Amino acid sequence: MPRIHIVTDSGARFSNPRLISSLPVTILPNTIDIDGKRYQEGVDLESETAFSLMAQPKAPPTVIPPSEEDFVELFARLSHHYDAVLSIHPSRELSESWHNARLAAQRTGGNCEFAIVDSRSLCAGQGMLIRVAARAAQEEDSVEAVIQTVLDAVKRIYSIYCVHDTRCLRARGIMKPSHSILSERLGIKPLVSVEGGEIIIIEKVLSESDTIERFIEFLVEFDALADALILQMQAPISEQTRILQDRLALEFPGQHFPFTMYSATMASYLGTAATGIAVLEKVEAAPYADF
């Protein structure tokens with residue numbers, strides 16, 4: 001069994017963070033620039049504080065991923081103890097993290113194998129791939145099999161978010177200024193998805209009940225789910241999440257739908273007032289173990 005270490009950045013979100021902390025996973029912090037002040041996500045900036053600081057910024061927050069040198073230092077250290085390093089990153093369309101890690105891997109010598117994976121996703125989708133990688137590292141007998149398992153899972157990650165405040169979407173160029181202003185005036189909320197590694201607007205809803213119905217419609221399109229996570233804008237469970245969980249319990253008996261705050265990294269794209277859900281579609285021939 002090869003010794004494999006997994007690397008990612010702090011934009012990832014997990015349904016069970018305590019479990020991740022017990023696995024061979026290293027999380028490098030992103031730097032979040034809010035009004036000219038820089039913080040390390042997950043080190044000196046937790047989600048609740050980040051959301052508070054980002055609620056009324058003078059300018060949109062900026063996410064600075066781990067640098068090439070950060071990855072070089074980490075990869076060099078890990079290469080002495082592991083046969084392979086599997087580094088899983090947010091979409092290369094949205095972050096330089098994948099590019100920096102790729103360059104770092106090319107600079108790192110030794111017999112350790114490096115696989116730099118573009119998750120084509122963000123936040124919860126990225127976190128789900130970490131779980132897939134950790135499980136595969138425990139079960140597969142080759143590095144190549146672990147990498148292929150993760151690459152196959154990339155194609156089965158889906159997410160949808162309802163954005164209540166469109167300022168970040170407008171600042172990021174995801175939503176046209178005229179559409180953003182009109183949405184705010186009419187109380188219309190865009191639904192966005194991460195598709196092909198990019199955040200795109202797929203439709204709009206008028207109310208909270210419409211949002212829940214659309215989330216249900218999104219989920220029942222899948223025959224079976226390997227993993228799912230509800231993303232919300234606060235730490236305690238929201239009333240919307242509670243209602244959504246109750247509805248989903250009827251649609252998916254026995255399926256668990258945990259919740260968490262989405263990451264400050266994700267908030268830099270969607271703002272601090274959004275709700276969403278991310279799923280990993282199940283491969284019928286390979287049931288997913290809840291570990």
# chains A, B, ... in the order shown; residues from 1 in each chain; ligands from 1
>>> closest_atom_pairs(of="stretch 168-238 of chain A", to="stretch 43-53 of chain A", cutoff="12 Å", atoms="only C-alpha atoms", output="CSV")
residue,atom,partner,partner_atom,distance
A:Gln232,CA,A:Ser47,CA,11.1
A:Met233,CA,A:Phe51,CA,8.0
A:Gln234,CA,A:Glu48,CA,7.0
A:Ala235,CA,A:Glu48,CA,7.2
A:Pro236,CA,A:Glu48,CA,10.6
>>> select_by_dssp(residues="stretch 3-102 of chain A", states="alpha helix (DSSP H)", output="MDAnalysis selection string")
chainID A and resid 17:21 47:54 68:78 97:102
>>> atom_distance(atom1="atom CA of A:Glu281", atom2="atom CA of A:Ala226")
5.4 Å
>>> select_by_dssp(residues="stretch 39-160 of chain A", states="strand (DSSP E)", output="ChimeraX atom specification")
/A:39-40,62-64,84-89,113-118,157-160
>>> write_last_selection(atoms="N, CA and C atoms", output="PDB file, in the first residue's frame")
ATOM      1  N   TYR A  39      -5.482  38.560   5.926  1.00  0.00           N
ATOM      2  CA  TYR A  39      -5.706  37.545   6.948  1.00  0.00           C
ATOM      3  C   TYR A  39      -5.472  36.170   6.339  1.00  0.00           C
ATOM      4  N   GLN A  40      -5.039  35.231   7.171  1.00  0.00           N
ATOM      5  CA  GLN A  40      -4.896  33.853   6.723  1.00  0.00           C
ATOM      6  C   GLN A  40      -6.154  33.080   7.098  1.00  0.00           C
ATOM      7  N   THR A  62     -10.273  40.064  -1.855  1.00  0.00           N
ATOM      8  CA  THR A  62      -9.405  39.357  -2.794  1.00  0.00           C
ATOM      9  C   THR A  62      -8.828  38.126  -2.120  1.00  0.00           C
ATOM     10  N   VAL A  63      -8.813  37.015  -2.834  1.00  0.00           N
ATOM     11  CA  VAL A  63      -8.227  35.774  -2.319  1.00  0.00           C
ATOM     12  C   VAL A  63      -6.868  35.564  -2.967  1.00  0.00           C
ATOM     13  N   ILE A  64      -5.853  35.432  -2.139  1.00  0.00           N
ATOM     14  CA  ILE A  64      -4.488  35.169  -2.610  1.00  0.00           C
ATOM     15  C   ILE A  64      -4.143  33.732  -2.214  1.00  0.00           C
ATOM     16  N   ALA A  84       3.849   9.433  -2.510  1.00  0.00           N
ATOM     17  CA  ALA A  84       3.135  10.303  -3.446  1.00  0.00           C
ATOM     18  C   ALA A  84       2.422  11.403  -2.677  1.00  0.00           C
ATOM     19  N   VAL A  85       2.263  12.529  -3.343  1.00  0.00           N
ATOM     20  CA  VAL A  85       1.479  13.653  -2.818  1.00  0.00           C
ATOM     21  C   VAL A  85       0.391  13.961  -3.837  1.00  0.00           C
ATOM     22  N   LEU A  86      -0.849  13.959  -3.358  1.00  0.00           N
ATOM     23  CA  LEU A  86      -2.003  14.277  -4.199  1.00  0.00           C
ATOM     24  C   LEU A  86      -2.517  15.642  -3.766  1.00  0.00           C
ATOM     25  N   SER A  87      -2.339  16.637  -4.625  1.00  0.00           N
ATOM     26  CA  SER A  87      -2.683  18.018  -4.281  1.00  0.00           C
ATOM     27  C   SER A  87      -3.944  18.421  -5.036  1.00  0.00           C
ATOM     28  N   ILE A  88      -5.006  18.738  -4.299  1.00  0.00           N
ATOM     29  CA  ILE A  88      -6.335  18.993  -4.883  1.00  0.00           C
ATOM     30  C   ILE A  88      -6.685  20.465  -4.699  1.00  0.00           C
ATOM     31  N   HIS A  89      -7.054  21.115  -5.795  1.00  0.00           N
ATOM     32  CA  HIS A  89      -7.166  22.565  -5.812  1.00  0.00           C
ATOM     33  C   HIS A  89      -8.517  23.057  -6.321  1.00  0.00           C
ATOM     34  N   GLU A 113       6.137  10.928  -5.987  1.00  0.00           N
ATOM     35  CA  GLU A 113       5.310  11.265  -7.151  1.00  0.00           C
ATOM     36  C   GLU A 113       4.309  12.360  -6.760  1.00  0.00           C
ATOM     37  N   PHE A 114       4.096  13.323  -7.652  1.00  0.00           N
ATOM     38  CA  PHE A 114       3.158  14.408  -7.384  1.00  0.00           C
ATOM     39  C   PHE A 114       2.037  14.401  -8.423  1.00  0.00           C
ATOM     40  N   ALA A 115       0.808  14.490  -7.933  1.00  0.00           N
ATOM     41  CA  ALA A 115      -0.353  14.603  -8.814  1.00  0.00           C
ATOM     42  C   ALA A 115      -1.098  15.881  -8.423  1.00  0.00           C
ATOM     43  N   ILE A 116      -1.209  16.815  -9.348  1.00  0.00           N
ATOM     44  CA  ILE A 116      -1.845  18.105  -9.092  1.00  0.00           C
ATOM     45  C   ILE A 116      -3.208  18.089  -9.775  1.00  0.00           C
ATOM     46  N   VAL A 117      -4.266  18.105  -8.983  1.00  0.00           N
ATOM     47  CA  VAL A 117      -5.619  17.894  -9.493  1.00  0.00           C
ATOM     48  C   VAL A 117      -6.438  19.185  -9.421  1.00  0.00           C
ATOM     49  N   ASP A 118      -7.021  19.544 -10.545  1.00  0.00           N
ATOM     50  CA  ASP A 118      -7.971  20.657 -10.614  1.00  0.00           C
ATOM     51  C   ASP A 118      -9.351  20.085 -10.287  1.00  0.00           C
ATOM     52  N   ILE A 157     -19.189  15.944  -9.299  1.00  0.00           N
ATOM     53  CA  ILE A 157     -19.437  16.996  -8.315  1.00  0.00           C
ATOM     54  C   ILE A 157     -20.370  18.040  -8.933  1.00  0.00           C
ATOM     55  N   TYR A 158     -21.435  18.367  -8.209  1.00  0.00           N
ATOM     56  CA  TYR A 158     -22.397  19.373  -8.678  1.00  0.00           C
ATOM     57  C   TYR A 158     -22.772  20.290  -7.516  1.00  0.00           C
ATOM     58  N   SER A 159     -23.091  21.543  -7.824  1.00  0.00           N
ATOM     59  CA  SER A 159     -23.490  22.475  -6.758  1.00  0.00           C
ATOM     60  C   SER A 159     -24.405  23.544  -7.316  1.00  0.00           C
ATOM     61  N   ILE A 160     -25.199  24.107  -6.408  1.00  0.00           N
ATOM     62  CA  ILE A 160     -26.112  25.190  -6.762  1.00  0.00           C
ATOM     63  C   ILE A 160     -26.223  26.124  -5.559  1.00  0.00           C
TER      64      ILE A 160
END
>>> closest_residue(among="A:Val72, A:Ala133, A:Leu182, A:Ile32", to="A:Ile4", atoms="only C-alpha atoms")
A:Ala133
>>> closest_residue(among="A:Leu122, A:Ala55, A:Val132, A:Leu78", to="A:Thr108", atoms="only C-alpha atoms")
A:Leu78
>>> atom_distance(atom1="atom CA of A:Pro2", atom2="atom CA of A:Asp70")
24.7 Å
>>> residues_around(residues="A:Val192", least_positions_apart="2", cutoff="9 Å", atoms="only C-alpha atoms", output="VMD selection string")
chain A and resid 159 to 163 190 194 199 to 204 270
>>> atom_distance(atom1="atom CA of A:Thr211", atom2="atom CA of A:Lys58")
29.2 Å
>>> closest_residue(among="A:Gly197, A:Glu93, A:Trp98, A:Glu208", to="A:Gln240", atoms="only C-alpha atoms")
A:Glu208
>>> closest_residue(among="A:Glu68, A:Asp227, A:Glu144, A:Glu139", to="A:Asp83", atoms="only C-alpha atoms")
A:Glu144
>>> residues_around(residues="A:Glu251", least_positions_apart="5", cutoff="12 Å", atoms="only C-alpha atoms", output="NGL selection string")
:A and (215-225 or 244-246 or 256-257)
>>> closest_residue(among="A:Lys176, A:Ala105, A:Pro60, A:Arg92", to="A:Ala76", atoms="only C-alpha atoms")
A:Ala105
>>> closest_residue(among="A:Ala136, A:Val7, A:Cys168, A:Met261", to="A:Pro90", atoms="only C-alpha atoms")
A:Val7
